[in-house]
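Shown here: final-v4.cif, mmCIF, C-alpha atoms.
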```cif
data_start
#
loop_
_atom_site.label_atom_id
_atom_site.label_comp_id
_atom_site.auth_asym_id
_atom_site.auth_seq_id
_atom_site.Cartn_x
_atom_site.Cartn_y
_atom_site.Cartn_z
CA GLN A 110 -11.61 73.10 55.01
CA GLY A 111 -14.26 75.31 53.38
CA ARG A 112 -11.69 76.78 50.99
CA LEU A 113 -10.49 73.30 50.06
CA ASP A 114 -14.03 72.18 49.29
CA ASP A 115 -14.61 75.25 47.16
CA LYS A 116 -11.42 74.56 45.26
CA LYS A 117 -12.44 70.93 44.61
CA THR A 118 -15.89 72.09 43.46
CA THR A 119 -14.32 74.61 41.07
CA MET A 120 -11.96 71.99 39.63
CA SER A 121 -14.85 69.56 39.18
CA ASN A 122 -16.92 72.18 37.40
CA ASN A 123 -14.01 73.03 35.15
CA MET A 124 -13.48 69.36 34.25
CA THR A 125 -17.18 68.98 33.47
CA ALA A 126 -17.10 72.07 31.27
CA ASP A 127 -14.01 70.77 29.48
CA LEU A 128 -15.64 67.39 28.83
CA GLN A 129 -18.78 69.08 27.49
CA GLN A 130 -16.65 71.27 25.24
CA ILE A 131 -14.78 68.22 23.94
CA ALA A 132 -18.06 66.42 23.25
CA ALA A 133 -19.42 69.47 21.44
CA ASP A 134 -16.25 69.74 19.34
CA LEU A 135 -16.47 66.05 18.43
CA ARG A 136 -20.10 66.41 17.36
CA MET A 137 -19.20 69.42 15.22
CA GLN A 138 -16.33 67.53 13.59
CA GLU A 139 -18.60 64.55 12.92
CA GLU A 140 -21.22 66.81 11.37
CA LEU A 141 -18.62 68.53 9.17
CA ASN A 142 -17.26 65.14 8.13
CA THR A 143 -20.76 63.93 7.23
CA GLN A 144 -21.39 67.04 5.15
CA LEU A 145 -18.03 66.62 3.41
CA ILE A 146 -18.79 62.99 2.53
CA ARG A 147 -22.25 63.94 1.27
CA ALA A 148 -20.82 66.81 -0.81
CA THR A 149 -18.25 64.44 -2.30
CA GLU A 150 -20.96 61.91 -3.16
CA VAL A 151 -23.08 64.57 -4.86
CA SER A 152 -20.14 66.01 -6.80
CA ALA A 153 -19.08 62.53 -7.91
CA ALA A 154 -22.54 61.67 -9.26
CA PRO A 155 -22.69 61.29 -13.06
CA LYS A 156 -23.41 64.55 -14.84
CA ASN A 157 -26.29 63.10 -16.85
CA THR A 158 -27.89 61.76 -13.66
CA MET A 159 -27.82 65.18 -12.00
CA ASN A 160 -29.10 66.85 -15.18
CA ALA A 161 -32.07 64.45 -15.12
CA LEU A 162 -32.87 64.72 -11.39
CA ILE A 163 -32.34 68.40 -10.52
CA PRO A 164 -34.97 69.86 -12.93
CA LYS A 165 -37.56 67.48 -11.48
CA GLN A 166 -36.69 68.56 -7.93
CA LYS A 167 -37.06 72.22 -8.95
CA GLU A 168 -40.39 71.45 -10.63
CA PHE A 169 -41.62 69.84 -7.39
CA ILE A 170 -40.61 72.90 -5.32
CA ARG A 171 -42.24 75.35 -7.76
CA TRP A 172 -45.45 73.31 -7.62
CA ALA A 173 -45.37 73.28 -3.80
CA ILE A 174 -44.93 77.08 -3.75
CA GLN A 175 -47.96 77.48 -6.01
CA LYS A 176 -49.93 75.28 -3.60
CA ASN A 177 -48.91 77.59 -0.71
CA TYR A 178 -47.14 74.94 1.35
CA GLN A 179 -45.45 76.48 4.39
CA SER A 180 -42.28 74.46 3.71
CA PRO A 181 -42.46 73.89 -0.06
CA GLU A 182 -39.05 72.22 -0.31
CA THR A 183 -39.75 69.63 2.42
CA VAL A 184 -40.35 66.17 0.94
CA THR A 185 -43.08 63.96 2.44
CA GLU A 186 -44.81 60.90 1.08
CA ALA A 187 -48.24 62.55 1.00
CA LYS A 188 -46.88 65.60 -0.83
CA VAL A 189 -45.02 63.43 -3.37
CA ALA A 190 -48.14 61.34 -4.00
CA TYR A 191 -50.22 64.50 -4.49
CA PHE A 192 -47.59 65.92 -6.88
CA LEU A 193 -47.38 62.72 -8.91
CA ASN A 194 -51.14 62.31 -9.17
CA THR A 195 -51.88 65.89 -10.22
CA GLN A 196 -48.76 67.02 -12.10
CA VAL A 197 -46.87 64.00 -13.43
CA LEU A 198 -49.34 61.25 -14.36
CA GLY A 199 -50.84 62.04 -17.75
CA LYS A 200 -48.19 64.64 -18.56
CA LYS A 201 -47.49 65.07 -22.28
CA ASN A 202 -44.32 63.58 -23.71
CA LYS A 203 -41.85 66.28 -24.78
CA SER A 204 -40.79 64.50 -27.96
CA ASN A 205 -44.31 63.38 -28.91
CA ALA A 206 -47.23 65.50 -27.71
CA SER A 207 -49.74 62.84 -28.73
CA ARG A 208 -48.39 60.49 -26.05
CA THR A 209 -48.10 60.75 -22.27
CA ILE A 210 -44.97 60.02 -20.25
CA GLY A 211 -44.40 56.41 -19.25
CA LYS A 212 -43.54 54.59 -16.06
CA ALA A 213 -39.78 55.10 -16.58
CA THR A 214 -40.19 58.89 -16.38
CA VAL A 215 -42.53 58.61 -13.38
CA ASN A 216 -39.97 56.43 -11.59
CA GLN A 217 -37.32 59.04 -12.37
CA TYR A 218 -39.45 61.70 -10.65
CA ILE A 219 -39.72 59.44 -7.59
CA THR A 220 -35.95 58.87 -7.57
CA ALA A 221 -35.28 62.62 -7.82
CA LEU A 222 -37.56 63.42 -4.88
CA THR A 223 -36.15 60.53 -2.83
CA CYS A 224 -32.64 61.94 -3.35
CA LEU A 225 -33.87 65.36 -2.21
CA TRP A 226 -35.42 63.76 0.88
CA LYS A 227 -32.13 62.00 1.71
CA ILE A 228 -30.25 65.30 1.56
CA GLN A 229 -32.79 66.91 3.87
CA VAL A 230 -32.64 64.03 6.36
CA GLU A 231 -28.85 64.14 6.50
CA ALA A 232 -29.00 67.91 6.97
CA LYS A 233 -31.46 67.28 9.84
CA VAL A 234 -34.15 69.50 8.34
CA ASN A 235 -36.59 66.67 7.54
CA SER A 236 -37.70 64.04 10.04
CA ASN A 237 -40.34 62.41 7.81
CA THR A 238 -40.13 58.80 6.64
CA THR A 239 -39.07 57.90 3.11
CA PRO A 240 -41.41 59.14 0.36
CA ARG A 241 -41.35 55.65 -1.17
CA GLY A 242 -44.15 54.56 1.15
CA PRO A 243 -47.32 52.54 0.49
CA THR A 244 -49.11 55.38 -1.34
CA VAL A 245 -46.31 56.07 -3.81
CA LYS A 246 -45.76 52.34 -4.33
CA ALA A 247 -49.48 51.98 -5.08
CA ILE A 248 -49.15 54.70 -7.75
CA GLN A 249 -46.23 52.81 -9.30
CA LYS A 250 -48.11 49.51 -9.21
CA ASN A 251 -51.25 50.99 -10.78
CA LEU A 252 -49.21 52.65 -13.53
CA GLU A 253 -47.34 49.41 -14.23
CA ARG A 254 -50.62 47.49 -14.44
CA THR A 255 -52.21 50.10 -16.71
CA THR A 256 -49.17 50.12 -19.01
CA PHE A 257 -49.21 46.33 -19.26
CA GLN A 258 -52.93 46.21 -20.03
CA THR A 259 -52.61 48.92 -22.70
CA ARG A 260 -49.69 47.22 -24.43
CA ARG A 261 -51.42 43.86 -24.29
CA ALA A 262 -54.64 45.28 -25.76
CA ASN A 263 -52.65 46.88 -28.61
CA PHE A 264 -50.52 43.76 -29.18
CA ASP A 265 -47.48 45.90 -28.50
CA ASP A 266 -44.03 44.45 -29.18
CA ARG A 267 -42.12 44.37 -25.87
CA GLY A 268 -38.82 43.95 -27.65
CA LYS A 269 -38.83 47.37 -29.29
CA HIS A 270 -39.02 49.10 -25.90
CA TYR A 271 -36.01 47.27 -24.47
CA GLN A 272 -33.92 46.42 -27.54
CA HIS A 273 -31.30 49.03 -26.57
CA LEU A 274 -30.74 47.26 -23.22
CA LEU A 275 -29.78 43.97 -24.84
CA THR A 276 -28.03 44.97 -28.08
CA ASN A 277 -26.81 48.07 -29.88
CA GLU A 278 -29.32 47.59 -32.65
CA HIS A 279 -32.64 49.39 -32.99
CA SER A 280 -34.68 47.21 -35.32
CA GLU A 281 -37.89 48.44 -36.89
CA PRO A 282 -40.66 46.03 -37.99
CA LYS A 283 -40.96 45.38 -41.69
CA LYS A 284 -43.42 47.67 -43.42
CA PHE A 285 -45.52 44.90 -44.94
CA CYS A 286 -45.97 43.28 -41.47
CA LYS A 287 -46.95 46.62 -39.97
CA ASP A 288 -49.46 47.22 -42.77
CA GLY A 289 -50.81 43.70 -42.32
CA PHE A 290 -51.48 44.26 -38.64
CA SER A 291 -53.17 47.60 -39.29
CA GLU A 292 -55.45 46.09 -41.92
CA VAL A 293 -56.50 43.16 -39.81
CA LYS A 294 -57.04 45.39 -36.75
CA LEU A 295 -55.89 42.72 -34.32
CA ALA A 296 -56.60 44.98 -31.38
CA GLN A 297 -60.33 44.50 -32.00
CA ALA A 298 -60.17 40.74 -32.57
CA THR A 299 -61.29 38.33 -29.88
CA THR A 300 -62.50 35.02 -31.38
CA THR A 301 -62.30 35.71 -35.14
CA SER A 302 -60.39 34.39 -38.10
CA ALA A 303 -57.55 36.82 -37.38
CA PHE A 304 -54.75 34.47 -38.32
CA THR A 305 -56.26 33.79 -41.74
CA SER A 306 -56.92 37.48 -42.30
CA PHE A 307 -53.41 38.44 -41.32
CA ARG A 308 -51.91 35.83 -43.65
CA ASP A 309 -54.12 37.08 -46.51
CA ALA A 310 -53.06 40.66 -45.79
CA LEU A 311 -49.43 39.62 -46.11
CA LYS A 312 -50.22 37.89 -49.39
CA LYS A 313 -51.91 41.02 -50.64
CA ASN A 314 -48.95 43.23 -49.81
CA PHE A 315 -46.54 40.73 -51.36
CA LEU A 316 -48.52 40.42 -54.59
CA ASN A 317 -48.88 44.18 -54.91
CA SER A 318 -45.16 44.66 -54.34
CA ALA A 319 -44.29 41.99 -56.90
CA ALA A 320 -46.60 43.54 -59.48
CA ALA A 321 -45.12 46.99 -58.91
CA MET A 322 -41.59 45.63 -59.50
CA THR A 323 -42.44 43.71 -62.70
CA ASP A 324 -45.07 45.83 -64.46
CA GLY A 325 -44.41 49.25 -62.97
CA PRO A 326 -46.61 51.52 -60.85
CA THR A 327 -49.36 51.88 -63.50
CA THR A 328 -50.19 48.17 -63.72
CA ASN A 329 -53.71 47.14 -62.84
CA ASN A 330 -53.57 44.65 -59.93
CA SER A 331 -57.11 43.32 -60.36
CA ILE A 332 -55.84 39.88 -61.38
CA HIS A 333 -53.94 39.58 -58.12
CA GLN A 334 -56.98 40.73 -56.16
CA GLU A 335 -59.08 38.11 -57.96
CA MET A 336 -56.58 35.38 -57.09
CA LEU A 337 -56.66 36.45 -53.47
CA SER A 338 -60.47 36.57 -53.24
CA THR A 339 -60.71 33.10 -54.86
CA GLN A 340 -58.33 31.64 -52.26
CA GLN A 341 -60.33 33.27 -49.47
CA GLN A 342 -63.55 31.65 -50.75
CA GLN A 343 -61.99 28.19 -50.99
CA GLU A 344 -60.29 28.15 -47.62
CA PRO A 345 -62.42 27.55 -44.51
CA THR A 346 -62.43 30.09 -41.68
CA ILE A 347 -60.32 29.06 -38.72
CA GLU A 348 -61.70 30.16 -35.38
CA VAL A 349 -58.97 31.24 -32.94
CA ASN A 350 -59.51 31.44 -29.21
CA TYR A 351 -57.33 34.17 -27.71
CA ALA A 352 -57.79 33.07 -24.11
CA SER A 353 -54.14 32.66 -23.06
CA ALA A 354 -53.10 29.38 -21.48
CA VAL A 355 -51.01 29.43 -18.32
CA PRO A 356 -47.35 29.09 -19.39
CA GLU A 357 -45.05 26.37 -18.08
CA PHE A 358 -42.67 27.48 -15.34
CA HIS A 359 -39.54 26.56 -17.28
CA SER A 360 -40.77 28.63 -20.25
CA VAL A 361 -40.51 31.77 -18.11
CA LEU A 362 -37.75 31.15 -15.55
CA ARG A 363 -34.56 29.31 -16.46
CA GLN A 364 -32.89 27.36 -13.67
CA THR A 365 -29.55 27.67 -15.50
CA THR A 366 -29.33 31.47 -15.20
CA GLU A 367 -25.95 32.36 -13.70
CA LYS A 368 -25.60 36.17 -13.95
CA VAL A 369 -27.35 39.00 -12.12
CA THR A 370 -27.74 40.89 -15.42
CA ASP A 371 -29.59 37.90 -16.89
CA VAL A 372 -31.84 37.73 -13.83
CA TRP A 373 -32.84 41.38 -14.33
CA ALA A 374 -33.40 40.96 -18.09
CA GLU A 375 -35.36 37.75 -17.50
CA TRP A 376 -37.53 39.50 -14.91
CA THR A 377 -38.26 42.67 -16.91
CA VAL A 378 -38.13 41.84 -20.64
CA GLY A 379 -37.67 38.07 -20.94
CA LEU A 380 -34.75 36.10 -22.41
CA ASN A 381 -34.56 34.39 -25.80
CA GLY A 382 -38.14 35.20 -26.74
CA ARG A 383 -39.59 34.05 -23.42
CA PRO A 384 -42.20 36.17 -21.59
CA SER A 385 -40.88 38.29 -18.73
CA VAL A 386 -41.51 37.27 -15.14
CA GLN A 387 -43.24 40.53 -14.20
CA ASP A 388 -45.60 40.34 -17.18
CA THR A 389 -46.42 36.71 -16.39
CA ASP A 390 -47.11 37.65 -12.77
CA LEU A 391 -49.44 40.47 -13.82
CA GLN A 392 -51.32 38.21 -16.25
CA PHE A 393 -51.48 34.90 -14.35
CA ASN A 394 -50.59 35.81 -10.74
CA THR A 395 -49.25 32.60 -9.09
CA ALA A 396 -50.94 30.10 -11.41
CA TRP A 397 -47.71 29.43 -13.33
CA ARG A 398 -45.59 28.72 -10.20
CA LYS A 399 -47.74 26.66 -7.84
CA GLN A 400 -45.27 23.93 -6.92
CA SER A 401 -43.10 24.45 -3.83
CA SER A 402 -39.86 23.93 -5.79
CA GLN A 403 -40.95 26.53 -8.33
CA GLN A 404 -41.93 28.97 -5.60
CA LYS A 405 -38.49 28.53 -4.00
CA ILE A 406 -36.69 29.40 -7.24
CA TYR A 407 -39.02 32.36 -7.78
CA SER A 408 -38.41 33.66 -4.23
CA ARG A 409 -34.63 33.53 -4.71
CA ARG A 410 -34.88 35.49 -7.94
CA LYS A 411 -37.14 37.99 -6.21
CA MET A 412 -34.46 38.51 -3.53
CA ILE A 413 -31.93 39.40 -6.23
CA ILE A 414 -34.42 41.74 -7.94
CA ASN A 415 -34.94 43.53 -4.60
CA LEU A 416 -31.16 43.84 -4.21
CA ILE A 417 -30.96 45.48 -7.64
CA LYS A 418 -33.80 47.91 -6.92
CA ASN A 419 -32.45 48.88 -3.49
CA TYR A 420 -28.94 49.41 -4.89
CA SER A 421 -30.36 51.43 -7.78
CA GLU A 422 -32.29 53.66 -5.38
CA ARG A 423 -29.30 54.23 -3.07
CA LYS A 424 -26.94 55.08 -5.92
CA ALA A 425 -29.55 56.98 -8.00
CA ILE A 426 -28.70 54.89 -11.09
CA SER A 427 -30.76 52.76 -13.45
CA CYS A 428 -31.60 49.21 -12.46
CA THR A 429 -29.80 47.93 -15.56
CA LEU A 430 -26.57 49.62 -14.48
CA ALA A 431 -27.15 48.45 -10.90
CA SER A 432 -27.46 44.84 -12.08
CA GLN A 433 -24.15 45.17 -13.94
CA GLU A 434 -22.33 46.51 -10.88
CA ILE A 435 -23.80 43.82 -8.61
CA GLU A 436 -22.79 41.16 -11.12
CA GLU A 437 -19.20 42.47 -11.03
CA LYS A 438 -19.15 42.23 -7.24
CA ARG A 439 -20.71 38.74 -7.30
CA SER A 440 -18.16 37.58 -9.84
CA GLU A 441 -15.28 39.01 -7.79
CA GLN A 442 -16.47 37.08 -4.73
CA ARG A 443 -17.09 33.93 -6.82
CA MET A 444 -20.54 33.52 -5.33
CA SER A 445 -23.41 31.70 -7.02
CA LEU A 446 -26.79 33.35 -7.49
CA THR A 447 -28.27 30.90 -4.99
CA HIS A 448 -25.69 31.89 -2.36
CA VAL A 449 -26.34 35.60 -2.99
CA ALA A 450 -30.12 35.11 -2.66
CA ASP A 451 -29.87 32.99 0.49
CA ASN A 452 -27.39 35.40 2.14
CA TRP A 453 -28.57 38.67 0.64
CA LYS A 454 -28.33 40.70 3.88
CA GLU A 455 -24.70 39.76 4.40
CA PHE A 456 -23.89 40.32 0.71
CA GLU A 457 -25.59 43.72 0.74
CA SER A 458 -23.90 44.96 3.92
CA LYS A 459 -20.41 43.81 2.86
CA HIS A 460 -20.37 44.60 -0.84
CA LEU A 461 -23.19 47.02 -1.76
CA MET A 462 -23.08 49.68 0.94
#
```
With the file now loaded, output its structure as structure tokens.
Amino acid sequence: QGRLDDKKTTMSNNMTADLQQIAADLRMQEELNTQLIRATEVSAAPKNTMNALIPKQKEFIRWAIQKNYQSPETVTEAKVAYFLNTQVLGKKNKSNASRTIGKATVNQYITALTCLWKIQVEAKVNSNTTPRGPTVKAIQKNLERTTFQTRRANFDDRGKHYQHLLTNEHSEPKKFCKDGFSEVKLAQATTTSAFTSFRDALKKNFLNSAAAMTDGPTTNNSIHQEMLSTQQQQEPTIEVNYASAVPEFHSVLRQTTEKVTDVWAEWTVGLNGRPSVQDTDLQFNTAWRKQSSQQKIYSRRKMIINLIKNYSERKAISCTLASQEIEEKRSEQRMSLTHVADNWKEFESKHLM
């Protein structure tokens, strides 16, 4: 009986060992499969994307080594925020040393370090939460607000920054308009006769140009200057109040928008000369969308914007390209924007993962 019990115990131990070995083999195969999928994803990433992200990851690691971090390559939110605040913000633009890098480049740094964090998490060498936490988001928000305020103070043309996203043309402002703005110095005007001055500056440039074409470069333009000064004396000064009025809801958000790409353009740059949603939010907060029906439309658009940003972050692509891919998937499923916004979790899990 004792021998029989020993034999049963031995067989039981052997079965347990076999099951443990099978479980270990399965875990190893799963890990190898995960690494293979990740390697395939990295190798399939666009070449230009990798060329943009990898140097920024290396720059982050070199900085961390200089700071004597024990694990310089490990990505954490606090470390990323420290790096951005001390090394990235205020960095000189490579193509123009008189300017600093903008929010697009800063966001690219954040994307590069988020990708590095994802690789570390999947390799089980980093257990920290995503670096896109409250601190980093606060840096992005402050930079976005500062950029908006600077462009608004300088009467910057939003269209010239985003023209390449909407058309293939890169239009430059006419020289006489540019000279007119520089002469009037609109950036310093608050409640002055700026409109009258700007119009007179245009007249001046036009008259000078006409004189140069008819009489040649040596012609004395005093007669034209006298005409201009006489008109200025006769015409009363028009006081202009630059305090912006709150825009109407329909002048910012169109209820007839049907494409995801239009939603993104409407949100970031504005459509058909309208102000963008994000600029209107920064300037007027919720004053332009107080009604419940307006708030409902705004919330649905915000859901789609979040879908675009999340998809862009997961795929390490631009939000413009992300909006195009999401639009293709929406069109394939024949879903309206309202249906996508109201069922965004289901749409994301089925079509964007």
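Residues lying within 8 Å of (-29.9, 44.7, -11.1). Counted over all atoms listed in the file, they are A:Val369, A:Thr370, A:Val372, A:Trp373, A:Ile413, A:Ile414, A:Leu416, A:Ile417, A:Lys418, A:Tyr420, A:Ser421, A:Cys428, A:Thr429, A:Leu430, A:Ala431, A:Ser432, A:Gln433, A:Glu434, A:Ile435, A:Glu436.
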File dump, residues just selected, C-alpha atoms, as a PDB file, in the coordinates of the input:
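After the write, again31.pdb holds the following:
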```
ATOM      1  CA  VAL A 369     -27.350  39.000 -12.120  1.00  0.00           C
ATOM      2  CA  THR A 370     -27.740  40.890 -15.420  1.00  0.00           C
ATOM      3  CA  VAL A 372     -31.840  37.730 -13.830  1.00  0.00           C
ATOM      4  CA  TRP A 373     -32.840  41.380 -14.330  1.00  0.00           C
ATOM      5  CA  ILE A 413     -31.930  39.400  -6.230  1.00  0.00           C
ATOM      6  CA  ILE A 414     -34.420  41.740  -7.940  1.00  0.00           C
ATOM      7  CA  LEU A 416     -31.160  43.840  -4.210  1.00  0.00           C
ATOM      8  CA  ILE A 417     -30.960  45.480  -7.640  1.00  0.00           C
ATOM      9  CA  LYS A 418     -33.800  47.910  -6.920  1.00  0.00           C
ATOM     10  CA  TYR A 420     -28.940  49.410  -4.890  1.00  0.00           C
ATOM     11  CA  SER A 421     -30.360  51.430  -7.780  1.00  0.00           C
ATOM     12  CA  CYS A 428     -31.600  49.210 -12.460  1.00  0.00           C
ATOM     13  CA  THR A 429     -29.800  47.930 -15.560  1.00  0.00           C
ATOM     14  CA  LEU A 430     -26.570  49.620 -14.480  1.00  0.00           C
ATOM     15  CA  ALA A 431     -27.150  48.450 -10.900  1.00  0.00           C
ATOM     16  CA  SER A 432     -27.460  44.840 -12.080  1.00  0.00           C
ATOM     17  CA  GLN A 433     -24.150  45.170 -13.940  1.00  0.00           C
ATOM     18  CA  GLU A 434     -22.330  46.510 -10.880  1.00  0.00           C
ATOM     19  CA  ILE A 435     -23.800  43.820  -8.610  1.00  0.00           C
ATOM     20  CA  GLU A 436     -22.790  41.160 -11.120  1.00  0.00           C
TER      21      GLU A 436
END
```
Hey, what's within 10 Å of range 385-395 of chain A if we count all atoms listed in the file and toss same-chain stuff fewer than 5 positions away? As a JSON list (two decimals) with C-alpha atoms, in the frame of the given file, please?
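Result went into result08.json, see below:
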```
[["chain", "number", "residue", "atom", "x", "y", "z"],
["A", 253, "GLU", "CA", -47.34, 49.41, -14.23],
["A", 254, "ARG", "CA", -50.62, 47.49, -14.44],
["A", 257, "PHE", "CA", -49.21, 46.33, -19.26],
["A", 258, "GLN", "CA", -52.93, 46.21, -20.03],
["A", 261, "ARG", "CA", -51.42, 43.86, -24.29],
["A", 267, "ARG", "CA", -42.12, 44.37, -25.87],
["A", 353, "SER", "CA", -54.14, 32.66, -23.06],
["A", 354, "ALA", "CA", -53.10, 29.38, -21.48],
["A", 355, "VAL", "CA", -51.01, 29.43, -18.32],
["A", 356, "PRO", "CA", -47.35, 29.09, -19.39],
["A", 358, "PHE", "CA", -42.67, 27.48, -15.34],
["A", 360, "SER", "CA", -40.77, 28.63, -20.25],
["A", 361, "VAL", "CA", -40.51, 31.77, -18.11],
["A", 362, "LEU", "CA", -37.75, 31.15, -15.55],
["A", 372, "VAL", "CA", -31.84, 37.73, -13.83],
["A", 373, "TRP", "CA", -32.84, 41.38, -14.33],
["A", 374, "ALA", "CA", -33.40, 40.96, -18.09],
["A", 375, "GLU", "CA", -35.36, 37.75, -17.50],
["A", 376, "TRP", "CA", -37.53, 39.50, -14.91],
["A", 377, "THR", "CA", -38.26, 42.67, -16.91],
["A", 378, "VAL", "CA", -38.13, 41.84, -20.64],
["A", 379, "GLY", "CA", -37.67, 38.07, -20.94],
["A", 380, "LEU", "CA", -34.75, 36.10, -22.41],
["A", 400, "GLN", "CA", -45.27, 23.93, -6.92],
["A", 404, "GLN", "CA", -41.93, 28.97, -5.60],
["A", 407, "TYR", "CA", -39.02, 32.36, -7.78],
["A", 410, "ARG", "CA", -34.88, 35.49, -7.94],
["A", 411, "LYS", "CA", -37.14, 37.99, -6.21]]
```
Mind telling me what the PyMOL selection byres ((chain A and resi 230) around 12) catches here, as an MDAnalysis selection string? chainID A and resid 143:144 147 183:185 223:229 231:240
d(CA of Arg423 in chain A, CA of Met462 in chain A) in Å: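 Going from CA of Arg423 in chain A over to CA of Met462 in chain A covers 8.7 Å.
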Give me, please, the distance in Å between CA of Gly242 in chain A and CA of Val215 in chain A, quoted to one decimal. 15.2 Å
Mind pulling up the distance from CA of Asn452 in chain A to CA of Val245 in chain A?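 Atom-to-atom, CA of Val245 in chain A and CA of Asn452 in chain A are spaced 28.6 Å apart.
Shortest separation to Ala396 in chain A among A:Met120, A:Pro384, A:Glu357, A:Thr366 occurs at residue A:Glu357, atoms counted being all atoms listed in the file.
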Among listed residues A:Ser401, A:Asn415, A:Gln217, A:Thr447, nearest Pro164 in chain A (using all atoms listed in the file): A:Gln217
Enumerate, as a ChimeraX atom specification, the residues matched when the PyMOL selection byres ((chain A and resi 194) around 12) is run on the file above. /A:187-193,195-200,215,218-219,244-245,247-249,251-252
Write the residues of the preceding selection, restricted to C-alpha atoms, as a CSV table (one decimal), in the frame of the given file.
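Heads up, here's the output in result16.csv:
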```csv
chain,number,residue,atom,x,y,z
A,187,ALA,CA,-48.2,62.6,1.0
A,188,LYS,CA,-46.9,65.6,-0.8
A,189,VAL,CA,-45.0,63.4,-3.4
A,190,ALA,CA,-48.1,61.3,-4.0
A,191,TYR,CA,-50.2,64.5,-4.5
A,192,PHE,CA,-47.6,65.9,-6.9
A,193,LEU,CA,-47.4,62.7,-8.9
A,195,THR,CA,-51.9,65.9,-10.2
A,196,GLN,CA,-48.8,67.0,-12.1
A,197,VAL,CA,-46.9,64.0,-13.4
A,198,LEU,CA,-49.3,61.2,-14.4
A,199,GLY,CA,-50.8,62.0,-17.8
A,200,LYS,CA,-48.2,64.6,-18.6
A,215,VAL,CA,-42.5,58.6,-13.4
A,218,TYR,CA,-39.4,61.7,-10.6
A,219,ILE,CA,-39.7,59.4,-7.6
A,244,THR,CA,-49.1,55.4,-1.3
A,245,VAL,CA,-46.3,56.1,-3.8
A,247,ALA,CA,-49.5,52.0,-5.1
A,248,ILE,CA,-49.2,54.7,-7.8
A,249,GLN,CA,-46.2,52.8,-9.3
A,251,ASN,CA,-51.2,51.0,-10.8
A,252,LEU,CA,-49.2,52.6,-13.5
```
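Shortest atom-to-atom contact with Met412 in chain A among A:Met444, A:Arg398, A:Glu182, A:Trp453: A:Trp453, counting all atoms listed in the file.
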